[in-house]
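Please read the structure below before turning to the comments.
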Amino acid sequence: MQGSGRVLVVDDVDLLRDLARTFLELTGLTVLVASSGEQALKVLEEATAPVDILFTDYNMPGMNGVELMEQVSTRWPATRFILASGYLDDTTCARVESCHATMLAKPTTFTRRRRWS
């Protein structure tokens, strides 16, 4: 299945960011990347077209994923969000819900489905 659209992947861990980029590109999406919330804002400001989805990790040095989503939602209100996190307290969950974000629980496992003939 091929997708279309633009995604910004934000994660401070190179391996996870590259894995997400590769997977999303294989589905046909255009993928931009950033290693921090601050860098993500710069990428968005310099982009020639808006992104459809911001896919961000929660726990990053400096600006965390929720703070990033809050800033992006005020500047680019059409952007949709996916937040990856292992645990969020009730207060943080309420902030995530106010951004209408989808949560992706960590750790995430990618499994290969076996095809039966």
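Just so we're on the same page: first chain in the structure tokens is A, next is B, and so on; residues restart at 1 for each chain, and ligands are numbered from 1 in the order they show up.
Taking chain A and asking which residues DSSP calls strand (DSSP E or B) on the backbone, you get Arg6, Val7, Leu8, Val9, Val10, Thr30, Val31, Leu32, Val33, Ala34, Ile53, Leu54, Phe55, Thr56, Asp57, Arg80, Phe81, Ile82, Leu83, Ala84, Ser85, Thr102, Met103, Leu104 and Ala105 of chain A.
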Using only C-alpha atoms, please write the residues we just selected to a file, as a PDB file, in the first residue's frame.
```pdb
ATOM      1  CA  ARG A   6       4.842  14.708   4.185  1.00  0.00           C
ATOM      2  CA  VAL A   7       6.030  13.569   7.602  1.00  0.00           C
ATOM      3  CA  LEU A   8       8.560  15.135   9.950  1.00  0.00           C
ATOM      4  CA  VAL A   9      10.223  12.525  12.188  1.00  0.00           C
ATOM      5  CA  VAL A  10      11.819  13.925  15.348  1.00  0.00           C
ATOM      6  CA  THR A  30       8.059  12.195   1.862  1.00  0.00           C
ATOM      7  CA  VAL A  31      10.048  12.255   5.096  1.00  0.00           C
ATOM      8  CA  LEU A  32      11.927  15.097   6.745  1.00  0.00           C
ATOM      9  CA  VAL A  33      13.969  14.472   9.905  1.00  0.00           C
ATOM     10  CA  ALA A  34      15.188  16.386  12.941  1.00  0.00           C
ATOM     11  CA  ILE A  53       2.208  14.666  10.269  1.00  0.00           C
ATOM     12  CA  LEU A  54       4.732  15.353  13.009  1.00  0.00           C
ATOM     13  CA  PHE A  55       5.973  12.039  14.421  1.00  0.00           C
ATOM     14  CA  THR A  56       7.977  12.758  17.556  1.00  0.00           C
ATOM     15  CA  ASP A  57       9.546  11.039  20.507  1.00  0.00           C
ATOM     16  CA  ARG A  80      -1.479  16.027  12.858  1.00  0.00           C
ATOM     17  CA  PHE A  81       0.642  14.409  15.561  1.00  0.00           C
ATOM     18  CA  ILE A  82       1.977  11.026  16.609  1.00  0.00           C
ATOM     19  CA  LEU A  83       3.831  10.927  19.935  1.00  0.00           C
ATOM     20  CA  ALA A  84       5.999   7.940  20.865  1.00  0.00           C
ATOM     21  CA  SER A  85       6.533   7.365  24.577  1.00  0.00           C
ATOM     22  CA  THR A 102      -2.137   9.747  18.524  1.00  0.00           C
ATOM     23  CA  MET A 103       0.004   7.844  21.021  1.00  0.00           C
ATOM     24  CA  LEU A 104       2.465   5.146  20.026  1.00  0.00           C
ATOM     25  CA  ALA A 105       3.545   3.069  23.022  1.00  0.00           C
TER      26      ALA A 105
END
```
- prompt: Of the candidates A:Leu19, A:Leu41, A:Cys93, A:Leu24, which one gets nearest to Met63 of chain A if we count only C-alpha atoms?
  reply: A:Leu41
Ser98 of chain A: which residues within 10 Å, counting only C-alpha atoms, same-chain residues fewer than 6 positions away excluded, as a compact mmCIF listing (two decimals) with all heavy atoms, in the first residue's frame?
```txt
# COMPACT_ATOMS: atom_id res chain seq x y z
N MET A 69 4.92 19.65 20.09
CA MET A 69 3.57 19.58 19.50
C MET A 69 2.76 20.83 19.83
O MET A 69 2.04 21.35 18.98
CB MET A 69 2.84 18.34 20.01
CG MET A 69 3.38 17.05 19.46
SD MET A 69 2.39 15.58 19.87
CE MET A 69 1.96 15.82 21.57
N GLU A 70 2.88 21.31 21.05
CA GLU A 70 2.14 22.52 21.44
C GLU A 70 2.56 23.72 20.60
O GLU A 70 1.71 24.50 20.14
CB GLU A 70 2.32 22.79 22.93
CG GLU A 70 1.60 21.79 23.80
CD GLU A 70 1.94 21.89 25.28
OE1 GLU A 70 3.00 22.44 25.64
OE2 GLU A 70 1.14 21.39 26.09
N SER A 73 1.33 23.14 16.93
CA SER A 73 -0.12 23.25 16.76
C SER A 73 -0.59 24.69 16.70
O SER A 73 -1.58 24.99 16.03
CB SER A 73 -0.86 22.49 17.87
OG SER A 73 -0.67 23.11 19.12
N THR A 92 0.62 15.08 31.68
CA THR A 92 1.19 15.09 30.34
C THR A 92 0.21 14.48 29.34
O THR A 92 0.07 14.99 28.22
CB THR A 92 2.53 14.33 30.31
OG1 THR A 92 3.40 14.89 31.31
CG2 THR A 92 3.20 14.43 28.96
```
Distance in Å - atom CA of Ser36 of chain A versus atom CA of Asp14 of chain A: 10.9 Å
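Distance check against Pro77 of chain A using only C-alpha atoms: of A:Asp18, A:Ala94, A:Pro61, A:Asp52, the minimum falls on A:Asp52.
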message: For the alpha helix (DSSP H) assignment from backbone DSSP, which residues of segment 37-98 of chain A qualify? Please present them as a PyMOL selection string.
response: chain A and resi 37-46+65-75+90-98
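One finds atom CA of Tyr58 of chain A at 25.0 Å from atom CA of Ser4 of chain A.
Shortest atom-to-atom contact with Pro50 of chain A among A:Val72, A:Asp11, A:Ser35, A:Leu26: A:Val72, counting only C-alpha atoms.
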- request: For atom CA of Ala47 of chain A and atom CA of Arg75 of chain A, quote the distance in Å rounded to one decimal.
  value: 13.4 Å
- prompt: When distances are computed from only C-alpha atoms, which of A:Gly3, A:Gly62, A:His100, A:Gly37 shows the smallest separation from Phe23 of chain A?
  reply: A:Gly3
